[in-house]
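A.B. asks: Next comes upload-v7.tsv, TSV, N, CA and C atoms:
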chain	number	residue	atom	x	y	z
A	1203	MET	N	3.23	-19.44	-13.25
A	1203	MET	CA	2.73	-18.09	-13.41
A	1203	MET	C	2.23	-17.54	-12.08
A	1204	GLY	N	1.49	-18.37	-11.32
A	1204	GLY	CA	0.97	-17.92	-10.03
A	1204	GLY	C	2.08	-17.57	-9.07
A	1205	GLU	N	3.22	-18.30	-9.12
A	1205	GLU	CA	4.35	-18.01	-8.24
A	1205	GLU	C	4.94	-16.64	-8.55
A	1206	ASN	N	5.02	-16.27	-9.84
A	1206	ASN	CA	5.53	-14.95	-10.22
A	1206	ASN	C	4.61	-13.84	-9.74
A	1207	ILE	N	3.30	-14.06	-9.83
A	1207	ILE	CA	2.35	-13.07	-9.34
A	1207	ILE	C	2.49	-12.93	-7.84
A	1208	SER	N	2.66	-14.06	-7.15
A	1208	SER	CA	2.82	-14.04	-5.70
A	1208	SER	C	4.07	-13.26	-5.30
A	1209	ARG	N	5.17	-13.47	-6.00
A	1209	ARG	CA	6.41	-12.74	-5.71
A	1209	ARG	C	6.23	-11.24	-5.96
A	1210	ALA	N	5.58	-10.91	-7.06
A	1210	ALA	CA	5.34	-9.50	-7.37
A	1210	ALA	C	4.45	-8.87	-6.30
A	1211	ALA	N	3.45	-9.62	-5.85
A	1211	ALA	CA	2.55	-9.10	-4.81
A	1211	ALA	C	3.32	-8.87	-3.51
A	1212	TYR	N	4.17	-9.84	-3.12
A	1212	TYR	CA	5.00	-9.68	-1.92
A	1212	TYR	C	5.85	-8.41	-2.03
A	1213	PHE	N	6.51	-8.28	-3.15
A	1213	PHE	CA	7.41	-7.14	-3.35
A	1213	PHE	C	6.65	-5.82	-3.29
A	1214	SER	N	5.56	-5.71	-4.02
A	1214	SER	CA	4.78	-4.47	-4.03
A	1214	SER	C	4.26	-4.14	-2.65
A	1215	PHE	N	3.77	-5.15	-1.96
A	1215	PHE	CA	3.25	-4.93	-0.62
A	1215	PHE	C	4.36	-4.49	0.33
A	1216	ALA	N	5.53	-5.12	0.23
A	1216	ALA	CA	6.66	-4.77	1.10
A	1216	ALA	C	7.12	-3.33	0.86
A	1217	VAL	N	7.21	-2.94	-0.39
A	1217	VAL	CA	7.61	-1.56	-0.69
A	1217	VAL	C	6.59	-0.59	-0.13
A	1218	GLY	N	5.33	-0.89	-0.31
A	1218	GLY	CA	4.28	-0.02	0.21
A	1218	GLY	C	4.33	0.10	1.72
A	1219	VAL	N	4.50	-1.02	2.41
A	1219	VAL	CA	4.59	-0.99	3.87
A	1219	VAL	C	5.83	-0.23	4.31
A	1220	GLY	N	6.94	-0.45	3.62
A	1220	GLY	CA	8.17	0.26	3.96
A	1220	GLY	C	7.99	1.77	3.84
A	1221	LEU	N	7.30	2.20	2.80
A	1221	LEU	CA	7.06	3.63	2.64
A	1221	LEU	C	6.14	4.17	3.72
A	1222	VAL	N	5.10	3.42	4.04
A	1222	VAL	CA	4.17	3.87	5.09
A	1222	VAL	C	4.90	3.98	6.42
A	1223	ILE	N	5.67	2.95	6.79
A	1223	ILE	CA	6.41	2.98	8.04
A	1223	ILE	C	7.42	4.12	8.02
A	1224	GLY	N	8.14	4.22	6.94
A	1224	GLY	CA	9.14	5.27	6.82
A	1224	GLY	C	8.55	6.66	6.94
A	1225	LEU	N	7.40	6.87	6.32
A	1225	LEU	CA	6.77	8.19	6.38
A	1225	LEU	C	6.33	8.53	7.80
A	1226	GLN	N	6.00	7.52	8.59
A	1226	GLN	CA	5.60	7.77	9.97
A	1226	GLN	C	6.80	8.13	10.84
A	1227	LEU	N	7.98	7.61	10.50
A	1227	LEU	CA	9.17	7.80	11.33
A	1227	LEU	C	10.02	8.99	10.91
A	1228	TRP	N	9.97	9.39	9.64
A	1228	TRP	CA	10.82	10.45	9.14
A	1228	TRP	C	10.29	11.82	9.50
A	1229	PRO	N	11.17	12.80	9.61
A	1229	PRO	CA	10.73	14.18	9.88
A	1229	PRO	C	9.85	14.70	8.75
A	1230	ASP	N	9.06	15.75	9.06
A	1230	ASP	CA	8.13	16.31	8.07
A	1230	ASP	C	8.83	16.73	6.78
A	1231	SER	N	10.04	17.29	6.88
A	1231	SER	CA	10.75	17.73	5.67
A	1231	SER	C	11.07	16.56	4.76
A	1232	THR	N	11.43	15.42	5.35
A	1232	THR	CA	11.72	14.22	4.55
A	1232	THR	C	10.44	13.69	3.93
A	1233	GLN	N	9.34	13.71	4.70
A	1233	GLN	CA	8.06	13.26	4.16
A	1233	GLN	C	7.67	14.09	2.95
A	1234	GLN	N	7.84	15.39	3.06
A	1234	GLN	CA	7.46	16.28	1.95
A	1234	GLN	C	8.35	16.02	0.74
A	1235	ALA	N	9.67	15.85	0.96
A	1235	ALA	CA	10.58	15.60	-0.15
A	1235	ALA	C	10.23	14.29	-0.85
A	1236	LEU	N	9.95	13.24	-0.07
A	1236	LEU	CA	9.59	11.96	-0.65
A	1236	LEU	C	8.27	12.08	-1.40
A	1237	GLY	N	7.30	12.78	-0.81
A	1237	GLY	CA	6.02	12.99	-1.48
A	1237	GLY	C	6.20	13.72	-2.80
A	1238	ASN	N	7.06	14.73	-2.83
A	1238	ASN	CA	7.32	15.47	-4.07
A	1238	ASN	C	7.93	14.56	-5.12
A	1239	GLN	N	8.88	13.71	-4.72
A	1239	GLN	CA	9.52	12.81	-5.68
A	1239	GLN	C	8.52	11.80	-6.23
A	1240	LEU	N	7.66	11.27	-5.36
A	1240	LEU	CA	6.66	10.31	-5.82
A	1240	LEU	C	5.69	10.97	-6.79
A	1241	ALA	N	5.30	12.20	-6.51
A	1241	ALA	CA	4.38	12.91	-7.40
A	1241	ALA	C	5.02	13.19	-8.75
A	1242	LEU	N	6.33	13.45	-8.76
A	1242	LEU	CA	7.01	13.78	-10.02
A	1242	LEU	C	7.25	12.58	-10.90
A	1243	GLY	N	7.49	11.41	-10.31
A	1243	GLY	CA	7.82	10.31	-11.20
A	1243	GLY	C	7.68	8.93	-10.62
A	1244	GLY	N	7.06	8.77	-9.49
A	1244	GLY	CA	6.86	7.45	-8.92
A	1244	GLY	C	8.11	6.91	-8.23
A	1245	LEU	N	8.03	5.66	-7.82
A	1245	LEU	CA	9.11	5.05	-7.06
A	1245	LEU	C	10.40	4.92	-7.85
A	1246	ALA	N	10.31	4.65	-9.12
A	1246	ALA	CA	11.52	4.44	-9.91
A	1246	ALA	C	12.42	5.67	-9.88
A	1247	SER	N	11.83	6.85	-9.94
A	1247	SER	CA	12.66	8.05	-9.94
A	1247	SER	C	13.23	8.36	-8.56
A	1248	ASN	N	12.67	7.71	-7.54
A	1248	ASN	CA	13.17	7.91	-6.18
A	1248	ASN	C	14.51	7.19	-5.98
A	1249	GLY	N	14.84	6.25	-6.83
A	1249	GLY	CA	16.12	5.59	-6.77
A	1249	GLY	C	16.24	4.54	-5.70
A	1250	LEU	N	15.13	3.98	-5.22
A	1250	LEU	CA	15.21	2.92	-4.22
A	1250	LEU	C	15.82	1.67	-4.83
A	1251	ILE	N	16.66	1.02	-4.06
A	1251	ILE	CA	17.26	-0.25	-4.47
A	1251	ILE	C	16.61	-1.33	-3.63
A	1252	THR	N	16.12	-2.37	-4.27
A	1252	THR	CA	15.46	-3.45	-3.53
A	1252	THR	C	16.10	-4.78	-3.85
A	1253	HIS	N	16.02	-5.66	-2.88
A	1253	HIS	CA	16.52	-7.02	-3.07
A	1253	HIS	C	15.58	-7.96	-2.33
A	1254	VAL	N	15.19	-9.04	-2.98
A	1254	VAL	CA	14.30	-10.02	-2.36
A	1254	VAL	C	15.06	-11.33	-2.24
A	1255	GLN	N	15.07	-11.88	-1.02
A	1255	GLN	CA	15.72	-13.18	-0.77
A	1255	GLN	C	14.64	-14.19	-0.40
A	1256	GLU	N	14.60	-15.27	-1.13
A	1256	GLU	CA	13.64	-16.33	-0.84
A	1256	GLU	C	14.38	-17.61	-0.51
A	1257	SER	N	13.97	-18.27	0.57
A	1257	SER	CA	14.55	-19.54	0.97
A	1257	SER	C	13.42	-20.50	1.31
A	1258	GLU	N	13.57	-21.75	0.92
A	1258	GLU	CA	12.57	-22.77	1.19
A	1258	GLU	C	12.30	-22.86	2.69
A	1259	GLY	N	11.03	-22.74	3.06
A	1259	GLY	CA	10.64	-22.90	4.45
A	1259	GLY	C	10.91	-21.71	5.36
A	1260	ARG	N	11.39	-20.60	4.79
A	1260	ARG	CA	11.67	-19.41	5.60
A	1260	ARG	C	10.90	-18.22	5.04
A	1261	ALA	N	10.77	-17.20	5.84
A	1261	ALA	CA	10.10	-15.99	5.40
A	1261	ALA	C	10.88	-15.35	4.25
A	1262	THR	N	10.17	-14.70	3.35
A	1262	THR	CA	10.81	-13.95	2.28
A	1262	THR	C	11.38	-12.68	2.89
A	1263	ARG	N	12.63	-12.39	2.61
A	1263	ARG	CA	13.27	-11.18	3.15
A	1263	ARG	C	13.34	-10.14	2.04
A	1264	VAL	N	12.90	-8.93	2.37
A	1264	VAL	CA	12.95	-7.81	1.43
A	1264	VAL	C	13.85	-6.74	2.03
A	1265	ILE	N	14.85	-6.33	1.26
A	1265	ILE	CA	15.79	-5.29	1.70
A	1265	ILE	C	15.58	-4.09	0.79
A	1266	ILE	N	15.36	-2.93	1.41
A	1266	ILE	CA	15.13	-1.70	0.65
A	1266	ILE	C	16.21	-0.70	1.07
A	1267	ILE	N	16.93	-0.18	0.09
A	1267	ILE	CA	17.99	0.80	0.35
A	1267	ILE	C	17.63	2.10	-0.34
A	1268	ASP	N	17.73	3.19	0.40
A	1268	ASP	CA	17.51	4.52	-0.16
A	1268	ASP	C	18.86	5.22	-0.22
A	1269	PRO	N	19.48	5.27	-1.40
A	1269	PRO	CA	20.80	5.88	-1.52
A	1269	PRO	C	20.81	7.37	-1.18
A	1270	GLN	N	19.71	8.06	-1.44
A	1270	GLN	CA	19.67	9.50	-1.15
A	1270	GLN	C	19.68	9.76	0.35
A	1271	LEU	N	18.92	8.97	1.09
A	1271	LEU	CA	18.89	9.13	2.55
A	1271	LEU	C	19.99	8.33	3.24
A	1272	ARG	N	20.67	7.48	2.47
A	1272	ARG	CA	21.72	6.60	2.98
A	1272	ARG	C	21.21	5.76	4.14
A	1273	SER	N	20.08	5.09	3.88
A	1273	SER	CA	19.48	4.24	4.89
A	1273	SER	C	18.94	2.97	4.24
A	1274	MET	N	18.72	1.96	5.08
A	1274	MET	CA	18.17	0.71	4.58
A	1274	MET	C	17.17	0.15	5.57
A	1275	GLY	N	16.24	-0.61	5.06
A	1275	GLY	CA	15.26	-1.31	5.88
A	1275	GLY	C	15.22	-2.77	5.48
A	1276	VAL	N	14.98	-3.64	6.47
A	1276	VAL	CA	14.90	-5.07	6.22
A	1276	VAL	C	13.55	-5.56	6.76
A	1277	TYR	N	12.84	-6.30	5.92
A	1277	TYR	CA	11.52	-6.81	6.27
A	1277	TYR	C	11.47	-8.31	6.00
A	1278	ASP	N	10.75	-9.06	6.84
A	1278	ASP	CA	10.46	-10.46	6.58
A	1278	ASP	C	8.97	-10.59	6.30
A	1279	ILE	N	8.63	-11.37	5.26
A	1279	ILE	CA	7.24	-11.58	4.88
A	1279	ILE	C	6.93	-13.06	5.05
A	1280	SER	N	5.97	-13.37	5.89
A	1280	SER	CA	5.57	-14.75	6.16
A	1280	SER	C	5.06	-15.42	4.89
A	1281	GLN	N	5.56	-16.62	4.61
A	1281	GLN	CA	5.08	-17.39	3.45
A	1281	GLN	C	3.65	-17.86	3.67
A	1282	ASP	N	3.29	-18.11	4.94
A	1282	ASP	CA	1.97	-18.66	5.25
A	1282	ASP	C	0.87	-17.61	5.26
A	1283	HIS	N	1.14	-16.46	5.91
A	1283	HIS	CA	0.08	-15.49	6.15
A	1283	HIS	C	0.28	-14.16	5.42
A	1284	GLY	N	1.46	-13.93	4.87
A	1284	GLY	CA	1.75	-12.65	4.22
A	1284	GLY	C	2.03	-11.53	5.20
A	1285	GLU	N	2.14	-11.86	6.50
A	1285	GLU	CA	2.43	-10.85	7.52
A	1285	GLU	C	3.84	-10.29	7.28
A	1286	ILE	N	3.96	-8.98	7.39
A	1286	ILE	CA	5.24	-8.32	7.20
A	1286	ILE	C	5.77	-7.87	8.55
A	1287	GLN	N	7.02	-8.23	8.83
A	1287	GLN	CA	7.67	-7.80	10.07
A	1287	GLN	C	8.88	-6.95	9.71
A	1288	LEU	N	8.94	-5.77	10.31
A	1288	LEU	CA	10.11	-4.93	10.18
A	1288	LEU	C	11.20	-5.53	11.05
A	1289	LYS	N	12.33	-5.87	10.47
A	1289	LYS	CA	13.43	-6.46	11.22
A	1289	LYS	C	14.43	-5.40	11.66
A	1290	SER	N	14.72	-4.43	10.79
A	1290	SER	CA	15.65	-3.36	11.17
A	1290	SER	C	15.58	-2.21	10.17
A	1291	ILE	N	15.91	-1.04	10.69
A	1291	ILE	CA	16.09	0.17	9.89
A	1291	ILE	C	17.44	0.72	10.31
A	1292	ARG	N	18.25	1.15	9.36
A	1292	ARG	CA	19.56	1.65	9.73
A	1292	ARG	C	20.00	2.77	8.80
A	1293	ASN	N	20.47	3.85	9.41
A	1293	ASN	CA	21.09	4.93	8.67
A	1293	ASN	C	22.54	4.52	8.44
A	1294	LEU	N	22.99	4.58	7.20
A	1294	LEU	CA	24.32	4.08	6.84
A	1294	LEU	C	25.40	5.15	6.84
A	1295	ASN	N	25.06	6.41	7.13
A	1295	ASN	CA	26.05	7.49	7.07
A	1295	ASN	C	27.30	7.18	7.87
A	1296	ALA	N	27.14	6.85	9.13
A	1296	ALA	CA	28.31	6.59	9.98
A	1296	ALA	C	29.07	5.35	9.50
A	1297	ASP	N	28.33	4.30	9.12
A	1297	ASP	CA	28.98	3.07	8.64
A	1297	ASP	C	29.92	3.37	7.48
A	1298	LEU	N	29.45	4.19	6.55
A	1298	LEU	CA	30.20	4.44	5.32
A	1298	LEU	C	31.35	5.43	5.51
A	1299	GLN	N	31.42	6.06	6.68
A	1299	GLN	CA	32.53	6.97	6.97
A	1299	GLN	C	33.70	6.27	7.63
A	1300	MET	N	33.50	5.03	8.06
A	1300	MET	CA	34.58	4.30	8.74
A	1300	MET	C	35.70	3.99	7.75
A	1301	LEU	N	36.93	4.08	8.21
A	1301	LEU	CA	38.06	3.78	7.35
A	1301	LEU	C	38.25	2.29	7.18
A	1302	GLU	N	37.98	1.52	8.23
A	1302	GLU	CA	38.05	0.07	8.13
A	1302	GLU	C	37.23	-0.54	9.25
A	1303	PHE	N	36.74	-1.74	8.98
A	1303	PHE	CA	35.96	-2.48	9.97
A	1303	PHE	C	35.85	-3.91	9.50
A	1304	ASN	N	36.13	-4.85	10.37
A	1304	ASN	CA	36.07	-6.26	9.98
A	1304	ASN	C	35.76	-7.10	11.21
A	1305	SER	N	34.57	-6.90	11.74
A	1305	SER	CA	34.17	-7.61	12.95
A	1305	SER	C	32.66	-7.59	13.03
A	1306	GLY	N	32.11	-8.26	14.01
A	1306	GLY	CA	30.66	-8.28	14.17
A	1306	GLY	C	30.22	-7.51	15.39
A	1307	GLY	N	28.93	-7.30	15.47
A	1307	GLY	CA	28.28	-6.80	16.66
A	1307	GLY	C	28.65	-5.40	17.13
A	1308	ILE	N	28.62	-4.43	16.26
A	1308	ILE	CA	28.85	-3.06	16.69
A	1308	ILE	C	27.59	-2.26	16.39
A	1309	SER	N	27.19	-1.43	17.34
A	1309	SER	CA	25.95	-0.67	17.17
A	1309	SER	C	26.21	0.61	16.37
A	1310	PRO	N	25.17	1.16	15.75
A	1310	PRO	CA	25.34	2.42	15.03
A	1310	PRO	C	25.86	3.54	15.94
A	1311	GLU	N	25.45	3.54	17.20
A	1311	GLU	CA	25.94	4.56	18.15
A	1311	GLU	C	27.44	4.42	18.38
A	1312	ASP	N	27.92	3.18	18.52
A	1312	ASP	CA	29.36	2.95	18.69
A	1312	ASP	C	30.14	3.39	17.46
A	1313	ILE	N	29.58	3.16	16.29
A	1313	ILE	CA	30.24	3.58	15.06
A	1313	ILE	C	30.35	5.10	15.02
A	1314	GLN	N	29.27	5.80	15.37
A	1314	GLN	CA	29.29	7.26	15.37
A	1314	GLN	C	30.33	7.78	16.34
A	1315	LYS	N	30.43	7.20	17.52
A	1315	LYS	CA	31.43	7.62	18.51
A	1315	LYS	C	32.84	7.40	17.98
A	1316	ALA	N	33.07	6.28	17.31
A	1316	ALA	CA	34.40	6.00	16.75
A	1316	ALA	C	34.77	7.01	15.69
A	1317	ILE	N	33.82	7.41	14.88
A	1317	ILE	CA	34.08	8.41	13.83
A	1317	ILE	C	34.39	9.77	14.46
A	1318	GLN	N	33.67	10.11	15.49
A	1318	GLN	CA	33.92	11.38	16.16
A	1318	GLN	C	35.31	11.42	16.79
A	1319	ARG	N	35.78	10.28	17.29
A	1319	ARG	CA	37.13	10.20	17.86
A	1319	ARG	C	38.19	10.36	16.77
A	1320	GLN	N	37.89	9.89	15.54
A	1320	GLN	CA	38.84	10.00	14.44
A	1320	GLN	C	39.00	11.43	13.95
A	1321	GLN	N	37.98	12.25	14.13
A	1321	GLN	CA	38.00	13.60	13.57
A	1321	GLN	C	38.76	14.56	14.43
Produce structure tokens that represent the structure in this file.
C.D. replies:
Amino acid sequence: MGENISRAAYFSFAVGVGLVIGLQLWPDSTQQALGNQLALGGLASNGLITHVQESEGRATRVIIIDPQLRSMGVYDISQDHGEIQLKSIRNLNADLQMLEFNSGGISPEDIQKAIQRQQ
């Protein structure tokens, strides 16, 4: 039972931190839109998709995807201290416009340039 509470606490804390960080980085119009959605119906109506990965001896990884903004954030939560580290934030718009891709190590800027060349 305690393990389930701990997992729920990690998840809730990660979502809260993700929103706080996101609100600091997003433009005012996005902050207002997100605030309006939260006021109308809470996080569930915002349509966030979350995934939690747990591995023995490693930090818990929380992935949060916002389909409306087409972006995702990845966080690691320390098993020992509960410290949350932002690992990456990425806008997926350019990624999802590519016709094909099957390789590693390409930056979002390179993807955007490739899409612009295709148009």
A.B. asks: Rounded to one decimal place, report the CA of Val1276 (chain A)-atom N of Gln1320 (chain A) distance in Å.
C.D. replies: 29.0 Å
A.B. asks: Could you find all residues in region 1237-1310 of chain A that DSSP calls alpha helix (DSSP H) from the backbone, and write them as a PDB file with N, CA and C atoms, in the coordinates of the input?
C.D. replies:
ATOM      1  N   GLY A1237       7.300  12.780  -0.810  1.00  0.00           N
ATOM      2  CA  GLY A1237       6.020  12.990  -1.480  1.00  0.00           C
ATOM      3  C   GLY A1237       6.200  13.720  -2.800  1.00  0.00           C
ATOM      4  N   ASN A1238       7.060  14.730  -2.830  1.00  0.00           N
ATOM      5  CA  ASN A1238       7.320  15.470  -4.070  1.00  0.00           C
ATOM      6  C   ASN A1238       7.930  14.560  -5.120  1.00  0.00           C
ATOM      7  N   GLN A1239       8.880  13.710  -4.720  1.00  0.00           N
ATOM      8  CA  GLN A1239       9.520  12.810  -5.680  1.00  0.00           C
ATOM      9  C   GLN A1239       8.520  11.800  -6.230  1.00  0.00           C
ATOM     10  N   LEU A1240       7.660  11.270  -5.360  1.00  0.00           N
ATOM     11  CA  LEU A1240       6.660  10.310  -5.820  1.00  0.00           C
ATOM     12  C   LEU A1240       5.690  10.970  -6.790  1.00  0.00           C
ATOM     13  N   ALA A1241       5.300  12.200  -6.510  1.00  0.00           N
ATOM     14  CA  ALA A1241       4.380  12.910  -7.400  1.00  0.00           C
ATOM     15  C   ALA A1241       5.020  13.190  -8.750  1.00  0.00           C
ATOM     16  N   LEU A1242       6.330  13.450  -8.760  1.00  0.00           N
ATOM     17  CA  LEU A1242       7.010  13.780 -10.020  1.00  0.00           C
ATOM     18  C   LEU A1242       7.250  12.580 -10.900  1.00  0.00           C
ATOM     19  N   GLY A1243       7.490  11.410 -10.310  1.00  0.00           N
ATOM     20  CA  GLY A1243       7.820  10.310 -11.200  1.00  0.00           C
ATOM     21  C   GLY A1243       7.680   8.930 -10.620  1.00  0.00           C
ATOM     22  N   GLY A1244       7.060   8.770  -9.490  1.00  0.00           N
ATOM     23  CA  GLY A1244       6.860   7.450  -8.920  1.00  0.00           C
ATOM     24  C   GLY A1244       8.110   6.910  -8.230  1.00  0.00           C
ATOM     25  N   LEU A1245       8.030   5.660  -7.820  1.00  0.00           N
ATOM     26  CA  LEU A1245       9.110   5.050  -7.060  1.00  0.00           C
ATOM     27  C   LEU A1245      10.400   4.920  -7.850  1.00  0.00           C
ATOM     28  N   ALA A1246      10.310   4.650  -9.120  1.00  0.00           N
ATOM     29  CA  ALA A1246      11.520   4.440  -9.910  1.00  0.00           C
ATOM     30  C   ALA A1246      12.420   5.670  -9.880  1.00  0.00           C
ATOM     31  N   SER A1247      11.830   6.850  -9.940  1.00  0.00           N
ATOM     32  CA  SER A1247      12.660   8.050  -9.940  1.00  0.00           C
ATOM     33  C   SER A1247      13.230   8.360  -8.560  1.00  0.00           C
ATOM     34  N   ASN A1248      12.670   7.710  -7.540  1.00  0.00           N
ATOM     35  CA  ASN A1248      13.170   7.910  -6.180  1.00  0.00           C
ATOM     36  C   ASN A1248      14.510   7.190  -5.980  1.00  0.00           C
ATOM     37  N   ASN A1295      25.060   6.410   7.130  1.00  0.00           N
ATOM     38  CA  ASN A1295      26.050   7.490   7.070  1.00  0.00           C
ATOM     39  C   ASN A1295      27.300   7.180   7.870  1.00  0.00           C
ATOM     40  N   ALA A1296      27.140   6.850   9.130  1.00  0.00           N
ATOM     41  CA  ALA A1296      28.310   6.590   9.980  1.00  0.00           C
ATOM     42  C   ALA A1296      29.070   5.350   9.500  1.00  0.00           C
ATOM     43  N   ASP A1297      28.330   4.300   9.120  1.00  0.00           N
ATOM     44  CA  ASP A1297      28.980   3.070   8.640  1.00  0.00           C
ATOM     45  C   ASP A1297      29.920   3.370   7.480  1.00  0.00           C
ATOM     46  N   LEU A1298      29.450   4.190   6.550  1.00  0.00           N
ATOM     47  CA  LEU A1298      30.200   4.440   5.320  1.00  0.00           C
ATOM     48  C   LEU A1298      31.350   5.430   5.510  1.00  0.00           C
ATOM     49  N   GLN A1299      31.420   6.060   6.680  1.00  0.00           N
ATOM     50  CA  GLN A1299      32.530   6.970   6.970  1.00  0.00           C
ATOM     51  C   GLN A1299      33.700   6.270   7.630  1.00  0.00           C
ATOM     52  N   PRO A1310      25.170   1.160  15.750  1.00  0.00           N
ATOM     53  CA  PRO A1310      25.340   2.420  15.030  1.00  0.00           C
ATOM     54  C   PRO A1310      25.860   3.540  15.940  1.00  0.00           C
TER      55      PRO A1310
END
A.B. asks: Would you mind listing what lies within 12 Å of region 1257-1260 of chain A as a list in words, with only C-alpha atoms counted and same-chain residues fewer than 4 positions away left out?
C.D. replies: Val1264, Asp1278, Ile1279, Ser1280, Gln1281 and Asp1282 of chain A
A.B. asks: Smallest atom-to-atom distance to Met1300 (chain A): which of A:Lys1315, A:His1283, A:Arg1272, A:Arg1263, using only C-alpha atoms?
C.D. replies: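 Ranking A:Lys1315, A:His1283, A:Arg1272, A:Arg1263 by distance to Met1300 (chain A), first place goes to A:Lys1315.
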A.B. asks: Could you please determine the separation between atom C of Ser1309 (chain A) and atom C of Gly1284 (chain A) in Å, to one decimal place?
C.D. replies: 29.3 Å
A.B. asks: Work out how far CA of Pro1269 (chain A) is from CA of Ile1313 (chain A), in Å to one decimal.
C.D. replies: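 Rounded to one decimal, the two atoms are 19.2 Å apart.
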A.B. asks: My list of candidates is A:Gln1255, A:Gln1321, A:Gln1314, A:Thr1262. Which is closest to Leu1298 (chain A) when distances are computed with only C-alpha atoms?
C.D. replies: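 Smallest separation from Leu1298 (chain A) among the options: A:Gln1314.
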A.B. asks: Using only N, CA and C atoms and a cutoff of 5 Å, can you tell me which residues are near (12.8, -7.3, 8.3) in the file's coordinates, and write them out as a PyMOL selection string?
C.D. replies: chain A and resi 1276-1278+1287-1290
A.B. asks: May I have the centre and edge lengths, in Å to one decimal, of an axis-aligned box around the listed atoms of region 1252-1261 of chain A with 6 Å added to every side, as JSON?
C.D. replies:
{"center_x": 13.3, "center_y": -12.6, "center_z": 0.8, "size_x": 18.4, "size_y": 32.5, "size_z": 22.1}
A.B. asks: Compile the contact shell of Asp1268 (chain A) as a ChimeraX atom specification: residues with an atom at most 8 Å away, counting only C-alpha atoms, same-chain residues fewer than 2 positions apart removed.
C.D. replies: /A:1249-1251,1266,1270-1274
A.B. asks: Rank nothing, just name the residue among A:His1253, A:Ala1261, A:Gly1275, A:Arg1319 nearest to Arg1292 (chain A), using only N, CA and C atoms.
C.D. replies: A:Gly1275
